[in-house]
Amino acid sequence: MMFFSRRALLQCFTVSLITCISSASTFFNPFNVTYDHRAIIIDGNRRMLISAGIHYPRATPQMWPDIIAKSKEGGAEVIQTYVFWSEHEPVRGQYNFEGKNDLVKFVKLVGSYGLYLHLRIGPYVCAEWNFGGFPVWLRDIPGIEFRTDNAPFKEEMQRFVKKIVDLMREEMLFSWQGGPIIMLQIENEYGNMESTYGQRGKEYVKWAARMALELGAGVPWVMCKQTDAPDPIIDACNGYYCDGYKPNSYNKPTLWTENWDGWYTTWGGRLPHRPAEDLAFAVARFFQRGGSFMNYYMYFGGTNFGRTSGGPFYITSYDYDAPIDEYGLLSEPKWGHLKDLHAAIKLCEPALVAADSPQYIRLGPNQEAHVYRVNGLSEGLNSSQYGSQSSCSAFLANIDEHKAASVSFFGQSYILPPWSVSILPDCRNTVFNTAKVGAQTSIKTVDFALPFSPKLSVPQQSMIDSKVSSISKSWMTVKEPIGIWGENNFTVQGILEHLNVTKDHTDYLWHMTRIYVSENDISFWEENNVTPSIMIDSMRDVLRVFINGQLTGSVSGRWVKVVQPVKFVPGDNDLVLLSQTVGLQNYGAFLEKDGAGFRGQIKLTGFKNGDVDLSKLLWTYQVGLKGEFQKIYDIKENIKAEWTDLTPDVIPSTFTWYKTYFDAPDGIEPVALDLGSMGKGQAWVNGHHIGRYWTKVAPKEGCQTCDYRGAYHSDKCTTNCGKPTQIWYHVPRAWLQASNNLLVIFEETGGNPFEISVKIRYTQSVCAQISESHYPPLWKLSHSDFVDGKISVDDMAPEIQLRCEDGYIISSIEFASYGTPQGSCQAFSRGNCHSPNSLSVVSKTCIGRNSCSTGISNAIFGGDPCRGIVKTLAVEARCIPSSNIGFSQL
């Protein structure tokens, strides 16, 4: 196996990462990948595989190494990604594989870490991505119908899929070439749509499978949510739970291509959260009941930069409540709890891969065990993989949503918390329970970049931070013209479909016509108390109505009816309709017919002589914004605009461009823009499109105390009620220079740019709470003495483990109590039982270090503070950059 260590990769960065990676002809010794009914078989060995979903365009190449390294550290052996057609072929026949679209570089980087890759070519991806990943030019191919037995579509789809497979083969990236790619995917969740297309849908599935196989990639292909996937394509499960899934043939393994560990978010929506306990429960149940490959969707979600978010109305953040957050920081305890789970599953792997099926034992009304034993090896498998490791592993499940259960298993008693799975790698000792979280909790913050002082408490530091000024006191502005602004406008009769005109090169399409209003109409309205209105049968996503240059009203929604009152003056009136998209539809049948803008009748009501059919009038069309056309967000092009100084006393206005310059925060922490003072629009930094922003507020209701027990759904554990859905926007460090960074904002509804600030995101505090009844650290259980049965779990003590982000150290212990502490992170308090040595013991072990561990035992804390009671150690520690104080990292 040929891969780079993390230190070697850091050395690569001092020269050129891609040059260093490319210098290796292969990342592995060439190996074949096959499968049987039990598992994916890699180089003759069945494998239980943990996969981390990462989408390369949702991060920068500079972020990829750290994200991949953290995925591997968390227990992932496979990285999974879609291939984004719209990014790679923005114009038909013109390809883009540069920057964050450098797929080859991403795949090679995965291989350099010794990880495998599952490449989901699709080419339809859904993924909450604009137009489901299809390039919008595809809808203009004559006679095309997406995702059915349609010759124009199949021709385009085959051409792109072949392009990707050929590219991977040319770069020697398939497993049999020594590359990391072990599996591919064709189509994506088509089973949900197939019946809509009738027989043509069935024929399309057969064609897609046959086409993929004929490309000769040499690795297995998958179709997810496709129960009729033709042999030898493997059908796979997507969902919150897949432990009951069975493939459509006994000869295929059980694969889980999307384990939804969170959910996506819409503007004005609450933030979804999936508890770590439930997620771990779902994973453990999957492997307990015969699963063999599980992928987290997402392990790192990232950011919908530019206009890539789909929807409509999906936010710019694609954090997804993933184990690694949008900025690349660990989300604890989810990341750590899953890391422990993965370690426990790996301890069971010898028995899991050796047994063709588990022994089922009913332990109670809602309790059951699945036991895997090494009873012999399947023909053709490599016996050397099993060695002397445990010949028996078991999973004990309690699927009761409310009550713990005491069960007897192989002559021993076990207490199973509700909605949990206990893992016993040796069929005797429990090393992990999905409901018992031993991982730390990380408290992250987005705050001003200030020098940290170890002498200041967290509240004192926050008070100083709150007094820091905004990003800039010096702003410039220019108004965006309303309506027709350039020579490239055109006039036709009738209302045109939005996407047919814009080709999705912009969110904005201006429609302008002239309405004559007589004195008789004015009199008629006054005498009869009538208000004229614009009526549109159906509209999406946003409509702005202007009369004589003044904004009259706004409507937003997906294919909603519009009744917008308007006010005219006598004589000629300029009526301007601005239709806007906020992410194109990414899911559903007949995407090519979805479109945007207006549908059905569009008319003016209330006139004396009857309604005015606006579709029969002459309309002048203007695509996009003048500022977009001039690229005034670009470093070199922004001087084209006639910028003027902006004074703080100016009332925030609509359809206005703002610009300023700012210095990047010191350090290496991820950077975010706080746009909470703005309304709706788009933002650019140094010409890079950060994305759409919108301070739309989530409902005040719907956020309640979350109980991990019971089946999860996307509305179960939501947070952020009554607050704007998103105010912080990720600005990758790679897009910044030390000073003089250009920030350009286009504001649609009015906002105050003087209150915009640039902040850093970091882990401020870490907490953990471990009792004597917890299990020892999983890494200790991988020791040969435990694996060989020479020592048991009872011979080892649990430990509390704390860790700051890389580059940070523990500067102080804000709370420590060994005994019966109460509360939770940032709200701990002493109980009736407390060891007076708690703070000194933990401080001595942890202060000045990036990470530390403290055993949970009376001996460590100088005696038993309260006999006969199970003791707990609770700790809260503060993290600061190691460069800010004199501590050395030990």
# chains A, B, ... in the order shown; residues from 1 in each chain; ligands from 1
call {"tool": "residues_around", "arguments": {"residues": "A:Tyr775", "least_positions_apart": "2", "cutoff": "9 Å", "atoms": "only C-alpha atoms", "output": "JSON, numbers by chain"}}
result
{"A": [430, 431, 432, 433, 438, 771, 772, 773, 777, 778, 793, 794, 796, 797, 798, 799]}
call {"tool": "residues_around", "arguments": {"residues": "stretch 345-348 of chain A", "least_positions_apart": "5", "cutoff": "12 Å", "atoms": "only C-alpha atoms", "output": "count of residues only"}}
result
59
call {"tool": "select_by_dssp", "arguments": {"residues": "stretch 651-888 of chain A", "states": "helix (DSSP H, G or I)", "output": "list in words"}}
result
Arg733, Ala734, Trp735, Pro753, Phe754, Glu755, Leu778, Trp779, Lys780, Leu781, Ser784, Asp785, Phe786, Val787, Val793, Asp794, Asp795, Ser838, Leu839, Ser840, Val841, Val842, Ser843, Lys844, Thr845, Cys846, Ser882, Ser883 and Asn884 of chain A
call {"tool": "residues_around", "arguments": {"residues": "A:Arg210", "least_positions_apart": "5", "cutoff": "12 Å", "atoms": "only C-alpha atoms", "output": "list in words"}}
result
Lys154, Gln158, Ile186, Glu203, Tyr204, Val205, Leu215, Gly216, Trp221, Ala229, Pro230, Asp231, Pro232 and Ile233 of chain A
call {"tool": "closest_residue", "arguments": {"among": "A:Ser112, A:Thr266, A:Gln826, A:Ser811", "to": "A:Val697", "atoms": "only C-alpha atoms"}}
result
A:Thr266
call {"tool": "residues_around", "arguments": {"residues": "A:Asp102", "least_positions_apart": "2", "cutoff": "10 Å", "atoms": "only C-alpha atoms", "output": "VMD selection string"}}
result
chain A and resid 56 to 57 60 to 61 88 96 to 100 104 to 107
call {"tool": "closest_residue", "arguments": {"among": "A:Phe861, A:Tyr299, A:Tyr320, A:Ala874", "to": "A:Phe815", "atoms": "only C-alpha atoms"}}
result
A:Ala874
call {"tool": "atom_distance", "arguments": {"atom1": "atom CA of A:Asp356", "atom2": "atom CA of A:Asp243"}}
result
16.4 Å
call {"tool": "residues_around", "arguments": {"residues": "A:Pro65", "least_positions_apart": "2", "cutoff": "9 Å", "atoms": "only C-alpha atoms", "output": "JSON, numbers by chain"}}
result
{"A": [6, 9, 61, 62, 63, 67, 68, 69, 70, 109, 110, 113]}
call {"tool": "residues_around", "arguments": {"residues": "A:Tyr708", "least_positions_apart": "4", "cutoff": "7 Å", "atoms": "only C-alpha atoms", "output": "list of chain:residue names"}}
result
A:Pro275, A:Glu277, A:Asp278
call {"tool": "write_last_selection", "arguments": {"atoms": "all heavy atoms", "output": "mmCIF file, in the first residue's frame"}}
result
data_model
loop_
_atom_site.group_PDB
_atom_site.id
_atom_site.type_symbol
_atom_site.label_atom_id
_atom_site.label_comp_id
_atom_site.auth_asym_id
_atom_site.auth_seq_id
_atom_site.Cartn_x
_atom_site.Cartn_y
_atom_site.Cartn_z
ATOM 1 N N PRO A 275 -29.261 13.749 16.881
ATOM 2 C CA PRO A 275 -28.419 13.424 18.035
ATOM 3 C C PRO A 275 -27.417 12.324 17.713
ATOM 4 O O PRO A 275 -27.703 11.385 16.956
ATOM 5 C CB PRO A 275 -29.433 12.957 19.083
ATOM 6 C CG PRO A 275 -30.735 13.537 18.664
ATOM 7 C CD PRO A 275 -30.689 13.585 17.171
ATOM 8 N N GLU A 277 -26.430 10.000 19.642
ATOM 9 C CA GLU A 277 -26.871 8.709 20.154
ATOM 10 C C GLU A 277 -27.729 7.964 19.137
ATOM 11 O O GLU A 277 -27.580 6.752 18.943
ATOM 12 C CB GLU A 277 -27.665 8.885 21.459
ATOM 13 C CG GLU A 277 -26.868 9.495 22.594
ATOM 14 C CD GLU A 277 -27.052 11.001 22.678
ATOM 15 O OE1 GLU A 277 -27.239 11.642 21.611
ATOM 16 O OE2 GLU A 277 -27.018 11.540 23.807
ATOM 17 N N ASP A 278 -28.644 8.687 18.497
ATOM 18 C CA ASP A 278 -29.525 8.042 17.521
ATOM 19 C C ASP A 278 -28.753 7.644 16.267
ATOM 20 O O ASP A 278 -28.979 6.578 15.694
ATOM 21 C CB ASP A 278 -30.676 8.968 17.150
ATOM 22 C CG ASP A 278 -31.540 8.384 16.047
ATOM 23 O OD1 ASP A 278 -32.239 7.395 16.313
ATOM 24 O OD2 ASP A 278 -31.485 8.901 14.909
#
call {"tool": "atom_distance", "arguments": {"atom1": "atom CA of A:Val870", "atom2": "atom CA of A:Ala768"}}
result
16.5 Å
call {"tool": "residues_around", "arguments": {"residues": "stretch 442-447 of chain A", "least_positions_apart": "6", "cutoff": "7 Å", "atoms": "only C-alpha atoms", "output": "PDB file with N, CA and C atoms, in the first residue's frame"}}
result
ATOM      1  N   SER A 331     -17.286  18.578  14.950  1.00  0.00           N
ATOM      2  CA  SER A 331     -18.531  18.775  15.693  1.00  0.00           C
ATOM      3  C   SER A 331     -18.613  17.679  16.743  1.00  0.00           C
ATOM      4  N   GLU A 332     -18.377  18.091  17.963  1.00  0.00           N
ATOM      5  CA  GLU A 332     -18.374  17.153  19.083  1.00  0.00           C
ATOM      6  C   GLU A 332     -19.623  17.341  19.944  1.00  0.00           C
ATOM      7  N   PRO A 333     -20.242  16.259  20.418  1.00  0.00           N
ATOM      8  CA  PRO A 333     -19.652  14.922  20.533  1.00  0.00           C
ATOM      9  C   PRO A 333     -19.886  13.994  19.328  1.00  0.00           C
ATOM     10  N   LYS A 759     -15.243  37.626  11.144  1.00  0.00           N
ATOM     11  CA  LYS A 759     -14.996  36.915  12.383  1.00  0.00           C
ATOM     12  C   LYS A 759     -14.266  35.615  12.098  1.00  0.00           C
ATOM     13  N   ILE A 760     -13.722  35.026  13.143  1.00  0.00           N
ATOM     14  CA  ILE A 760     -13.115  33.716  13.017  1.00  0.00           C
ATOM     15  C   ILE A 760     -13.980  32.703  13.760  1.00  0.00           C
ATOM     16  N   ARG A 761     -13.951  31.472  13.274  1.00  0.00           N
ATOM     17  CA  ARG A 761     -14.693  30.395  13.924  1.00  0.00           C
ATOM     18  C   ARG A 761     -13.679  29.466  14.578  1.00  0.00           C
ATOM     19  N   TYR A 762     -13.903  29.162  15.835  1.00  0.00           N
ATOM     20  CA  TYR A 762     -12.965  28.315  16.562  1.00  0.00           C
ATOM     21  C   TYR A 762     -13.687  27.622  17.703  1.00  0.00           C
ATOM     22  N   THR A 763     -13.030  26.603  18.224  1.00  0.00           N
ATOM     23  CA  THR A 763     -13.552  25.891  19.396  1.00  0.00           C
ATOM     24  C   THR A 763     -13.071  26.606  20.637  1.00  0.00           C
ATOM     25  N   GLN A 764     -13.991  27.188  21.356  1.00  0.00           N
ATOM     26  CA  GLN A 764     -13.664  28.025  22.510  1.00  0.00           C
ATOM     27  C   GLN A 764     -13.460  27.202  23.770  1.00  0.00           C
ATOM     28  N   SER A 765     -14.309  26.218  23.956  1.00  0.00           N
ATOM     29  CA  SER A 765     -14.248  25.392  25.164  1.00  0.00           C
ATOM     30  C   SER A 765     -14.540  23.945  24.800  1.00  0.00           C
ATOM     31  N   VAL A 766     -14.007  23.045  25.615  1.00  0.00           N
ATOM     32  CA  VAL A 766     -14.316  21.624  25.478  1.00  0.00           C
ATOM     33  C   VAL A 766     -14.725  21.100  26.844  1.00  0.00           C
ATOM     34  N   CYS A 767     -15.700  20.223  26.841  1.00  0.00           N
ATOM     35  CA  CYS A 767     -16.203  19.646  28.087  1.00  0.00           C
ATOM     36  C   CYS A 767     -16.323  18.134  27.933  1.00  0.00           C
TER      37      CYS A 767
END
